[in-house]
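**Student:** Just so it is clear, I am handing over work19.txt, which has compact mmCIF, C-alpha atoms.
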```txt
# COMPACT_ATOMS: atom_id res chain seq x y z
CA MET A 29 -52.63 118.72 -57.45
CA ASN A 30 -50.12 118.37 -60.26
CA ILE A 31 -46.40 118.08 -59.45
CA ARG A 32 -44.16 118.64 -62.46
CA PRO A 33 -40.69 119.89 -63.47
CA ALA A 34 -40.48 123.68 -63.32
CA VAL A 35 -40.33 125.64 -66.56
CA GLU A 36 -39.15 129.13 -67.42
CA GLU A 37 -42.65 130.58 -66.88
CA ASP A 38 -42.66 129.40 -63.25
CA ARG A 39 -39.74 131.61 -62.25
CA GLY A 40 -41.89 134.52 -61.07
CA ALA A 41 -44.08 132.33 -58.86
CA ILE A 42 -41.04 130.49 -57.49
CA TRP A 43 -39.32 133.76 -56.63
CA ASN A 44 -42.42 134.95 -54.76
CA ILE A 45 -42.45 131.75 -52.68
CA PHE A 46 -38.68 131.74 -52.16
CA HIS A 47 -38.63 135.34 -51.05
CA GLU A 48 -41.49 134.90 -48.61
CA VAL A 49 -39.99 131.77 -47.04
CA VAL A 50 -36.44 133.11 -46.81
CA ALA A 51 -37.47 136.55 -45.55
CA ALA A 52 -39.21 134.88 -42.60
CA GLY A 53 -35.76 133.63 -41.62
CA ASP A 54 -36.91 130.74 -39.43
CA THR A 55 -36.27 127.71 -41.67
CA TYR A 56 -33.47 128.40 -44.19
CA ALA A 57 -29.88 129.56 -43.81
CA PHE A 58 -30.01 132.00 -46.71
CA ASP A 59 -29.51 135.72 -46.47
CA PRO A 60 -33.09 137.05 -46.05
CA GLN A 61 -32.14 139.85 -48.47
CA MET A 62 -30.97 137.41 -51.16
CA SER A 63 -31.65 138.85 -54.63
CA ARG A 64 -34.06 137.36 -57.13
CA GLU A 65 -31.15 136.59 -59.45
CA ASP A 66 -29.16 134.74 -56.77
CA ALA A 67 -32.23 132.90 -55.51
CA LEU A 68 -33.32 131.65 -58.93
CA GLY A 69 -29.70 130.87 -59.83
CA TYR A 70 -29.56 128.61 -56.78
CA TRP A 71 -32.98 127.03 -57.32
CA PHE A 72 -32.29 126.35 -61.03
CA ARG A 73 -28.61 125.43 -60.70
CA ASP A 74 -27.24 123.24 -63.51
CA ASP A 75 -26.94 120.20 -61.25
CA THR A 76 -30.44 120.64 -59.81
CA HIS A 77 -33.86 119.20 -60.67
CA THR A 78 -36.52 121.81 -59.96
CA TYR A 79 -40.22 121.04 -59.48
CA VAL A 80 -43.45 122.87 -58.74
CA ALA A 81 -46.75 121.78 -57.23
CA GLU A 82 -49.65 123.28 -59.12
CA ARG A 83 -53.22 123.53 -57.84
CA ASP A 84 -56.04 125.39 -59.62
CA LYS A 85 -53.43 126.79 -62.04
CA THR A 86 -51.54 128.35 -59.11
CA ILE A 87 -48.04 127.36 -57.99
CA ALA A 88 -48.60 126.21 -54.41
CA GLY A 89 -45.10 124.92 -53.66
CA THR A 90 -41.69 124.16 -55.11
CA PHE A 91 -38.81 121.82 -54.39
CA ILE A 92 -35.36 120.96 -55.67
CA LEU A 93 -33.52 117.66 -55.85
CA ARG A 94 -29.81 117.10 -56.48
CA ALA A 95 -26.75 115.21 -55.30
CA ASN A 96 -25.72 116.28 -51.80
CA GLN A 97 -22.01 115.82 -52.57
CA GLY A 98 -19.87 115.12 -55.63
CA GLY A 99 -17.69 112.12 -56.48
CA ALA A 100 -17.87 109.35 -53.90
CA GLY A 101 -20.83 111.02 -52.17
CA SER A 102 -22.98 111.58 -55.25
CA HIS A 103 -25.28 108.60 -54.57
CA VAL A 104 -26.92 110.56 -51.73
CA ALA A 105 -29.60 113.02 -52.77
CA ASN A 106 -30.37 116.35 -51.16
CA ALA A 107 -33.65 118.21 -51.44
CA ALA A 108 -35.26 121.45 -50.28
CA PHE A 109 -38.96 122.33 -50.13
CA MET A 110 -40.90 125.57 -49.94
CA VAL A 111 -44.62 126.17 -49.45
CA PRO A 112 -45.95 129.71 -48.98
CA ALA A 113 -47.69 130.40 -45.66
CA GLN A 114 -51.20 130.71 -47.13
CA ALA A 115 -50.94 127.26 -48.78
CA ARG A 116 -49.78 125.30 -45.72
CA GLY A 117 -51.74 122.61 -43.89
CA ARG A 118 -53.18 121.14 -47.09
CA GLY A 119 -50.78 118.27 -47.69
CA ILE A 120 -48.72 120.05 -50.33
CA GLY A 121 -45.45 119.44 -48.49
CA ARG A 122 -46.27 115.77 -48.05
CA ALA A 123 -47.22 115.33 -51.70
CA MET A 124 -44.01 117.04 -52.79
CA GLY A 125 -41.97 114.92 -50.37
CA GLU A 126 -43.45 111.70 -51.71
CA HIS A 127 -42.90 112.83 -55.29
CA CYS A 128 -39.32 113.80 -54.45
CA LEU A 129 -38.55 110.37 -52.97
CA SER A 130 -39.99 108.73 -56.07
CA GLU A 131 -37.93 110.97 -58.37
CA ALA A 132 -34.77 110.35 -56.34
CA ARG A 133 -35.25 106.59 -56.73
CA ARG A 134 -35.92 106.97 -60.44
CA LEU A 135 -32.67 108.96 -60.79
CA GLY A 136 -30.75 106.18 -59.05
CA PHE A 137 -29.97 107.80 -55.69
CA ARG A 138 -29.41 105.34 -52.83
CA ALA A 139 -30.33 107.67 -49.95
CA MET A 140 -31.60 111.16 -49.21
CA GLN A 141 -30.14 113.63 -46.73
CA PHE A 142 -31.33 116.98 -45.38
CA ASN A 143 -28.37 118.96 -44.04
CA LEU A 144 -30.21 121.63 -42.14
CA VAL A 145 -33.57 120.99 -40.52
CA VAL A 146 -34.21 123.64 -37.87
CA SER A 147 -35.18 121.86 -34.65
CA THR A 148 -38.01 124.31 -33.92
CA ASN A 149 -39.74 123.42 -37.20
CA GLU A 150 -41.84 120.68 -35.63
CA SER A 151 -44.35 120.18 -38.42
CA GLU A 152 -41.57 119.66 -40.93
CA ILE A 153 -39.71 117.20 -38.69
CA HIS A 154 -42.96 115.32 -38.08
CA LEU A 155 -43.57 115.06 -41.83
CA TRP A 156 -40.07 113.79 -42.62
CA LYS A 157 -40.33 111.17 -39.90
CA GLN A 158 -43.62 110.01 -41.38
CA LEU A 159 -41.88 109.77 -44.76
CA GLY A 160 -39.20 107.48 -43.32
CA PHE A 161 -36.45 109.91 -42.35
CA MET A 162 -34.59 109.70 -39.07
CA ILE A 163 -32.60 112.33 -37.22
CA ALA A 164 -29.02 111.32 -38.04
CA GLY A 165 -27.29 114.15 -36.24
CA THR A 166 -27.76 117.20 -34.01
CA LEU A 167 -25.72 120.38 -34.45
CA SER A 168 -25.88 122.37 -31.27
CA GLY A 169 -27.03 125.98 -31.70
CA ALA A 170 -26.21 125.93 -35.41
CA PHE A 171 -29.17 128.13 -36.44
CA ARG A 172 -29.92 131.67 -35.27
CA HIS A 173 -33.71 131.81 -35.07
CA PRO A 174 -35.21 135.32 -35.39
CA GLU A 175 -37.28 134.92 -32.20
CA LYS A 176 -35.79 131.95 -30.33
CA GLY A 177 -32.08 132.72 -30.68
CA TYR A 178 -29.54 129.96 -31.25
CA VAL A 179 -31.39 126.67 -31.75
CA ASP A 180 -30.24 123.19 -32.74
CA VAL A 181 -30.13 121.91 -36.30
CA TYR A 182 -30.88 118.33 -37.29
CA THR A 183 -29.40 116.34 -40.12
CA MET A 184 -32.08 113.96 -41.39
CA PHE A 185 -31.46 110.89 -43.52
CA ARG A 186 -33.17 107.92 -45.08
CA SER A 187 -32.14 105.04 -47.28
CA LEU A 188 -33.89 104.62 -50.63
CA LEU A 189 -32.94 100.97 -51.03
CA MET B 127 6.62 125.17 -39.48
CA ASN B 128 4.98 128.37 -40.66
CA ILE B 129 1.22 128.51 -41.25
CA ARG B 130 0.10 131.54 -43.24
CA PRO B 131 -2.58 132.74 -45.66
CA ALA B 132 -2.03 131.34 -49.15
CA VAL B 133 -0.83 133.68 -51.89
CA GLU B 134 -0.96 133.51 -55.67
CA GLU B 135 2.46 131.78 -55.85
CA ASP B 136 1.17 128.87 -53.74
CA ARG B 137 -1.38 127.79 -56.33
CA GLY B 138 0.88 125.27 -58.06
CA ALA B 139 1.84 123.55 -54.80
CA ILE B 140 -1.78 123.55 -53.61
CA TRP B 141 -2.97 122.00 -56.85
CA ASN B 142 -0.36 119.22 -56.54
CA ILE B 143 -1.58 118.41 -53.02
CA PHE B 144 -5.27 118.72 -53.95
CA HIS B 145 -4.90 116.49 -56.97
CA GLU B 146 -3.00 113.79 -55.05
CA VAL B 147 -5.51 113.75 -52.18
CA VAL B 148 -8.61 113.83 -54.36
CA ALA B 149 -7.31 111.27 -56.88
CA ALA B 150 -6.88 108.78 -54.02
CA GLY B 151 -10.65 109.00 -53.60
CA ASP B 152 -10.80 107.76 -50.01
CA THR B 153 -11.38 110.99 -48.04
CA TYR B 154 -13.13 113.64 -50.18
CA ALA B 155 -16.36 113.64 -52.17
CA PHE B 156 -14.89 115.43 -55.17
CA ASP B 157 -14.67 114.04 -58.66
CA PRO B 158 -11.15 112.45 -58.73
CA GLN B 159 -10.78 113.90 -62.24
CA MET B 160 -11.58 117.46 -61.09
CA SER B 161 -9.66 119.99 -63.18
CA ARG B 162 -6.98 122.30 -61.81
CA GLU B 163 -9.20 125.29 -62.58
CA ASP B 164 -12.21 123.89 -60.73
CA ALA B 165 -10.08 122.72 -57.80
CA LEU B 166 -8.33 126.06 -57.29
CA GLY B 167 -11.62 127.89 -57.88
CA TYR B 168 -13.11 125.92 -54.99
CA TRP B 169 -10.08 126.24 -52.70
CA PHE B 170 -9.79 130.04 -53.32
CA ARG B 171 -13.52 130.80 -53.45
CA ASP B 172 -14.44 134.41 -52.62
CA ASP B 173 -16.01 133.45 -49.30
CA THR B 174 -13.06 131.25 -48.28
CA HIS B 175 -9.91 131.83 -46.21
CA THR B 176 -7.09 129.72 -47.66
CA TYR B 177 -3.94 128.79 -45.73
CA VAL B 178 -0.75 126.82 -46.29
CA ALA B 179 1.68 125.12 -43.91
CA GLU B 180 5.26 125.75 -44.99
CA ARG B 181 8.27 123.77 -43.83
CA ASP B 182 11.81 124.17 -45.22
CA LYS B 183 10.35 126.43 -47.92
CA THR B 184 8.06 123.60 -49.09
CA ILE B 185 4.25 123.64 -48.88
CA ALA B 186 3.51 120.64 -46.66
CA GLY B 187 -0.24 121.12 -46.28
CA THR B 188 -3.16 123.41 -46.97
CA PHE B 189 -6.55 124.14 -45.44
CA ILE B 190 -9.58 126.33 -46.01
CA LEU B 191 -11.95 128.01 -43.56
CA ARG B 192 -15.34 129.52 -44.31
CA ALA B 193 -18.93 129.73 -43.12
CA ASN B 194 -20.68 126.37 -43.43
CA GLN B 195 -24.01 128.00 -44.29
CA GLY B 196 -25.28 131.49 -45.13
CA GLY B 197 -27.68 133.75 -43.26
CA ALA B 198 -28.84 132.30 -39.94
CA GLY B 199 -26.23 129.52 -40.13
CA SER B 200 -23.22 131.71 -40.87
CA HIS B 201 -21.88 131.64 -37.29
CA VAL B 202 -20.78 128.02 -37.81
CA ALA B 203 -17.46 127.57 -39.59
CA ASN B 204 -16.51 124.80 -41.97
CA ALA B 205 -12.97 123.75 -42.81
CA ALA B 206 -11.13 121.24 -44.99
CA PHE B 207 -7.54 120.04 -44.69
CA MET B 208 -5.11 118.36 -47.05
CA VAL B 209 -1.64 116.93 -46.37
CA PRO B 210 0.20 115.00 -49.12
CA ALA B 211 1.03 111.37 -48.32
CA GLN B 212 4.77 111.88 -47.99
CA ALA B 213 4.29 114.63 -45.37
CA ARG B 214 1.92 112.72 -43.06
CA GLY B 215 2.67 111.59 -39.51
CA ARG B 216 4.64 114.73 -38.64
CA GLY B 217 1.98 116.76 -36.88
CA ILE B 218 1.17 118.98 -39.85
CA GLY B 219 -2.54 118.16 -39.72
CA ARG B 220 -2.66 118.86 -35.99
CA ALA B 221 -0.81 122.17 -36.34
CA MET B 222 -3.15 123.24 -39.13
CA GLY B 223 -6.18 122.15 -37.09
CA GLU B 224 -5.09 124.21 -34.10
CA HIS B 225 -4.34 127.22 -36.30
CA CYS B 226 -7.73 126.84 -37.97
CA LEU B 227 -9.58 126.82 -34.65
CA SER B 228 -7.69 129.92 -33.58
CA GLU B 229 -8.48 131.70 -36.86
CA ALA B 230 -12.14 130.70 -36.64
CA ARG B 231 -12.36 132.24 -33.17
CA ARG B 232 -10.59 135.37 -34.36
CA LEU B 233 -13.12 135.68 -37.21
CA GLY B 234 -15.99 135.44 -34.72
CA PHE B 235 -17.34 131.97 -35.50
CA ARG B 236 -19.20 130.29 -32.62
CA ALA B 237 -18.70 126.68 -33.69
CA MET B 238 -17.00 124.53 -36.32
CA GLN B 239 -18.57 121.72 -38.32
CA PHE B 240 -17.16 119.09 -40.67
CA ASN B 241 -19.90 117.79 -42.96
CA LEU B 242 -18.18 114.76 -44.36
CA VAL B 243 -15.63 112.79 -42.35
CA VAL B 244 -15.25 109.32 -43.85
CA SER B 245 -15.64 106.78 -41.04
CA THR B 246 -12.69 104.68 -42.27
CA ASN B 247 -10.31 107.64 -41.88
CA GLU B 248 -9.38 106.70 -38.32
CA SER B 249 -6.32 108.92 -37.91
CA GLU B 250 -8.31 111.97 -38.92
CA ILE B 251 -11.21 111.15 -36.59
CA HIS B 252 -8.73 110.56 -33.75
CA LEU B 253 -7.13 113.96 -34.40
CA TRP B 254 -10.44 115.84 -34.46
CA LYS B 255 -11.53 114.20 -31.22
CA GLN B 256 -8.26 115.27 -29.63
CA LEU B 257 -8.97 118.81 -30.85
CA GLY B 258 -12.35 118.83 -29.14
CA PHE B 259 -14.72 117.68 -31.87
CA MET B 260 -17.43 115.13 -31.31
CA ILE B 261 -19.28 112.94 -33.77
CA ALA B 262 -22.60 114.78 -34.11
CA GLY B 263 -24.16 112.51 -36.70
CA THR B 264 -23.73 109.32 -38.73
CA LEU B 265 -24.85 109.05 -42.36
CA SER B 266 -25.21 105.42 -43.24
CA GLY B 267 -23.25 104.35 -46.34
CA ALA B 268 -22.96 107.94 -47.57
CA PHE B 269 -19.44 107.51 -49.01
CA ARG B 270 -18.35 105.07 -51.72
CA HIS B 271 -14.84 104.06 -50.70
CA PRO B 272 -12.62 102.84 -53.57
CA GLU B 273 -11.69 99.61 -51.73
CA LYS B 274 -14.22 99.24 -48.92
CA GLY B 275 -17.43 100.04 -50.80
CA TYR B 276 -20.21 102.06 -49.14
CA VAL B 277 -19.02 103.27 -45.74
CA ASP B 278 -20.53 105.60 -43.16
CA VAL B 279 -19.87 109.33 -43.01
CA TYR B 280 -19.64 111.31 -39.78
CA THR B 281 -20.61 114.89 -39.18
CA MET B 282 -18.22 116.31 -36.58
CA PHE B 283 -18.83 119.46 -34.54
CA ARG B 284 -17.39 121.55 -31.75
CA SER B 285 -18.32 124.75 -30.02
CA LEU B 286 -15.81 127.61 -30.08
CA LEU B 287 -17.33 129.44 -27.10
```
Represent the structure from my file as structure tokens, please.
**Tutor:**
Amino acid sequence: MNIRPAVEEDRGAIWNIFHEVVAAGDTYAFDPQMSREDALGYWFRDDTHTYVAERDKTIAGTFILRANQGGAGSHVANAAFMVPAQARGRGIGRAMGEHCLSEARRLGFRAMQFNLVVSTNESEIHLWKQLGFMIAGTLSGAFRHPEKGYVDVYTMFRSLL
Amino acid sequence: MNIRPAVEEDRGAIWNIFHEVVAAGDTYAFDPQMSREDALGYWFRDDTHTYVAERDKTIAGTFILRANQGGAGSHVANAAFMVPAQARGRGIGRAMGEHCLSEARRLGFRAMQFNLVVSTNESEIHLWKQLGFMIAGTLSGAFRHPEKGYVDVYTMFRSLL
């Protein structure tokens, strides 16, 4: 697997992944009907580092890395990861997570924070714990799950020092 | 005191307050050098309800109210409050906080979340606790305070049901 910065030619593959993940509605707080233009605008925002994981010349995942806040909060990174359903269970998320932590350190961030980890997403929470994150906060009922109704959201955090 | 939606003519007064609060650098994670255009663009964003507190025909405070996340997280409100130094200690923050909770309920939000409460801001934390918020999470060293160095950030949360 090759993890590298995304280029213009990856936009189609990224949109396919983004749309599939967001339409499912069980992990991200985006409008499931979000347009291609808005989605790619968000994923390739000026302040954002965008990456893809490539396997057998296919884009098997994508993630973004940026400052979670401006000014006096800009030393804390934020990141978001997407793997399409048919590519899951093969370590792509873990490889992207490890690469992301390494990139965040290289860019000088002192910590990494996830603002919205849906509490029902057990495999994701398990992975982040294995990569050194802890649950730093619980937001009661802050996510409306398509099958499970209002479920808790976790904030997850780890130092990079 | 009269709390009302902000209008075009309030922009100058709001910018003065915003600039003073943000330049101090001890409560908000904005660039202290943020331009007037960027500041007012943020405070009057399309998805944002903007209010002012008026006393003796002077704008003595301002706050914003909006969804903290999109899609499946859009039932949780977010808000931000600013009172200039010379107007503090007179209950303006509390009056705005109460008005904000009332407006959030009227708009149908189910909860309210503050993403970044600087742990050294004791009067603010005290006020939010009195208004029913709890500390839902602690982000270690997530704010670089101009005098105190890296200090913790709290996420604060309350149900509106």
**Student:** Could you write out as number ranges by chain the residues of chain A within 9 Å of chain B, counting all atoms listed in the file?
**Tutor:** A: 53-60, 97-104, 138-139, 141, 143, 163-174, 182-187
**Student:** What is the distance between atom CA of B:Ala213 and atom CA of B:Val147, in Å to one decimal?
**Tutor:**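 A separation of 12.0 Å between them.
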**Student:** Could you name the residues that touch stretch 83-85 of chain A at 10 Å or less, counting all atoms listed in the file, but leaving out those on the same chain fewer than 4 positions away, as a list in words?
**Tutor:** Met29, Asn30, Ile31, Gly89 and Ile120 of chain A
**Student:** How many Å separate atom CA of B:Pro210 from atom CA of B:Ile140?
**Tutor:**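 Rounded to one decimal, the two atoms are 9.9 Å apart.
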**Student:** Name the residues, using the chain letters and numbers of the file, that sit within 12 Å of (-11.6, 112.2, -35.9) when counting all atoms listed in the file, and give them as a count of residues only.
**Tutor:** 31
**Student:** Regenerate stretch 73-87 of chain A at the level of N, CA, C and O atoms and dump it as a PDB file, in the coordinates of the input.
**Tutor:**
```pdb
ATOM      1  N   ARG A  73     -30.022 125.718 -60.424  1.00  0.00           N
ATOM      2  CA  ARG A  73     -28.610 125.430 -60.700  1.00  0.00           C
ATOM      3  C   ARG A  73     -28.501 124.270 -61.681  1.00  0.00           C
ATOM      4  O   ARG A  73     -29.385 123.402 -61.736  1.00  0.00           O
ATOM      5  N   ASP A  74     -27.411 124.240 -62.455  1.00  0.00           N
ATOM      6  CA  ASP A  74     -27.240 123.240 -63.510  1.00  0.00           C
ATOM      7  C   ASP A  74     -27.368 121.805 -63.008  1.00  0.00           C
ATOM      8  O   ASP A  74     -27.833 120.929 -63.740  1.00  0.00           O
ATOM      9  N   ASP A  75     -26.934 121.565 -61.776  1.00  0.00           N
ATOM     10  CA  ASP A  75     -26.940 120.200 -61.250  1.00  0.00           C
ATOM     11  C   ASP A  75     -28.232 119.860 -60.511  1.00  0.00           C
ATOM     12  O   ASP A  75     -28.302 118.841 -59.825  1.00  0.00           O
ATOM     13  N   THR A  76     -29.251 120.714 -60.656  1.00  0.00           N
ATOM     14  CA  THR A  76     -30.440 120.640 -59.810  1.00  0.00           C
ATOM     15  C   THR A  76     -31.689 120.317 -60.627  1.00  0.00           C
ATOM     16  O   THR A  76     -31.879 120.871 -61.709  1.00  0.00           O
ATOM     17  N   HIS A  77     -32.525 119.437 -60.110  1.00  0.00           N
ATOM     18  CA  HIS A  77     -33.860 119.200 -60.670  1.00  0.00           C
ATOM     19  C   HIS A  77     -34.846 120.062 -59.885  1.00  0.00           C
ATOM     20  O   HIS A  77     -34.881 119.988 -58.660  1.00  0.00           O
ATOM     21  N   THR A  78     -35.626 120.845 -60.601  1.00  0.00           N
ATOM     22  CA  THR A  78     -36.520 121.810 -59.960  1.00  0.00           C
ATOM     23  C   THR A  78     -37.957 121.462 -60.308  1.00  0.00           C
ATOM     24  O   THR A  78     -38.264 121.212 -61.480  1.00  0.00           O
ATOM     25  N   TYR A  79     -38.822 121.447 -59.297  1.00  0.00           N
ATOM     26  CA  TYR A  79     -40.220 121.040 -59.480  1.00  0.00           C
ATOM     27  C   TYR A  79     -41.156 122.072 -58.880  1.00  0.00           C
ATOM     28  O   TYR A  79     -40.773 122.834 -57.981  1.00  0.00           O
ATOM     29  N   VAL A  80     -42.400 122.060 -59.364  1.00  0.00           N
ATOM     30  CA  VAL A  80     -43.450 122.870 -58.740  1.00  0.00           C
ATOM     31  C   VAL A  80     -44.681 121.999 -58.508  1.00  0.00           C
ATOM     32  O   VAL A  80     -44.904 121.006 -59.217  1.00  0.00           O
ATOM     33  N   ALA A  81     -45.440 122.383 -57.488  1.00  0.00           N
ATOM     34  CA  ALA A  81     -46.750 121.780 -57.230  1.00  0.00           C
ATOM     35  C   ALA A  81     -47.799 122.804 -57.646  1.00  0.00           C
ATOM     36  O   ALA A  81     -47.781 123.951 -57.192  1.00  0.00           O
ATOM     37  N   GLU A  82     -48.683 122.371 -58.522  1.00  0.00           N
ATOM     38  CA  GLU A  82     -49.650 123.280 -59.120  1.00  0.00           C
ATOM     39  C   GLU A  82     -51.044 122.847 -58.670  1.00  0.00           C
ATOM     40  O   GLU A  82     -51.366 121.651 -58.707  1.00  0.00           O
ATOM     41  N   ARG A  83     -51.843 123.835 -58.253  1.00  0.00           N
ATOM     42  CA  ARG A  83     -53.220 123.530 -57.840  1.00  0.00           C
ATOM     43  C   ARG A  83     -54.095 124.679 -58.350  1.00  0.00           C
ATOM     44  O   ARG A  83     -53.770 125.841 -58.087  1.00  0.00           O
ATOM     45  N   ASP A  84     -55.156 124.364 -59.033  1.00  0.00           N
ATOM     46  CA  ASP A  84     -56.040 125.390 -59.620  1.00  0.00           C
ATOM     47  C   ASP A  84     -55.221 126.427 -60.406  1.00  0.00           C
ATOM     48  O   ASP A  84     -55.415 127.640 -60.255  1.00  0.00           O
ATOM     49  N   LYS A  85     -54.281 125.935 -61.198  1.00  0.00           N
ATOM     50  CA  LYS A  85     -53.430 126.790 -62.040  1.00  0.00           C
ATOM     51  C   LYS A  85     -52.566 127.776 -61.245  1.00  0.00           C
ATOM     52  O   LYS A  85     -52.062 128.766 -61.793  1.00  0.00           O
ATOM     53  N   THR A  86     -52.413 127.509 -59.937  1.00  0.00           N
ATOM     54  CA  THR A  86     -51.540 128.350 -59.110  1.00  0.00           C
ATOM     55  C   THR A  86     -50.384 127.495 -58.598  1.00  0.00           C
ATOM     56  O   THR A  86     -50.584 126.330 -58.248  1.00  0.00           O
ATOM     57  N   ILE A  87     -49.184 128.065 -58.543  1.00  0.00           N
ATOM     58  CA  ILE A  87     -48.040 127.360 -57.990  1.00  0.00           C
ATOM     59  C   ILE A  87     -48.130 127.427 -56.471  1.00  0.00           C
ATOM     60  O   ILE A  87     -48.027 128.499 -55.875  1.00  0.00           O
TER      61      ILE A  87
END
```
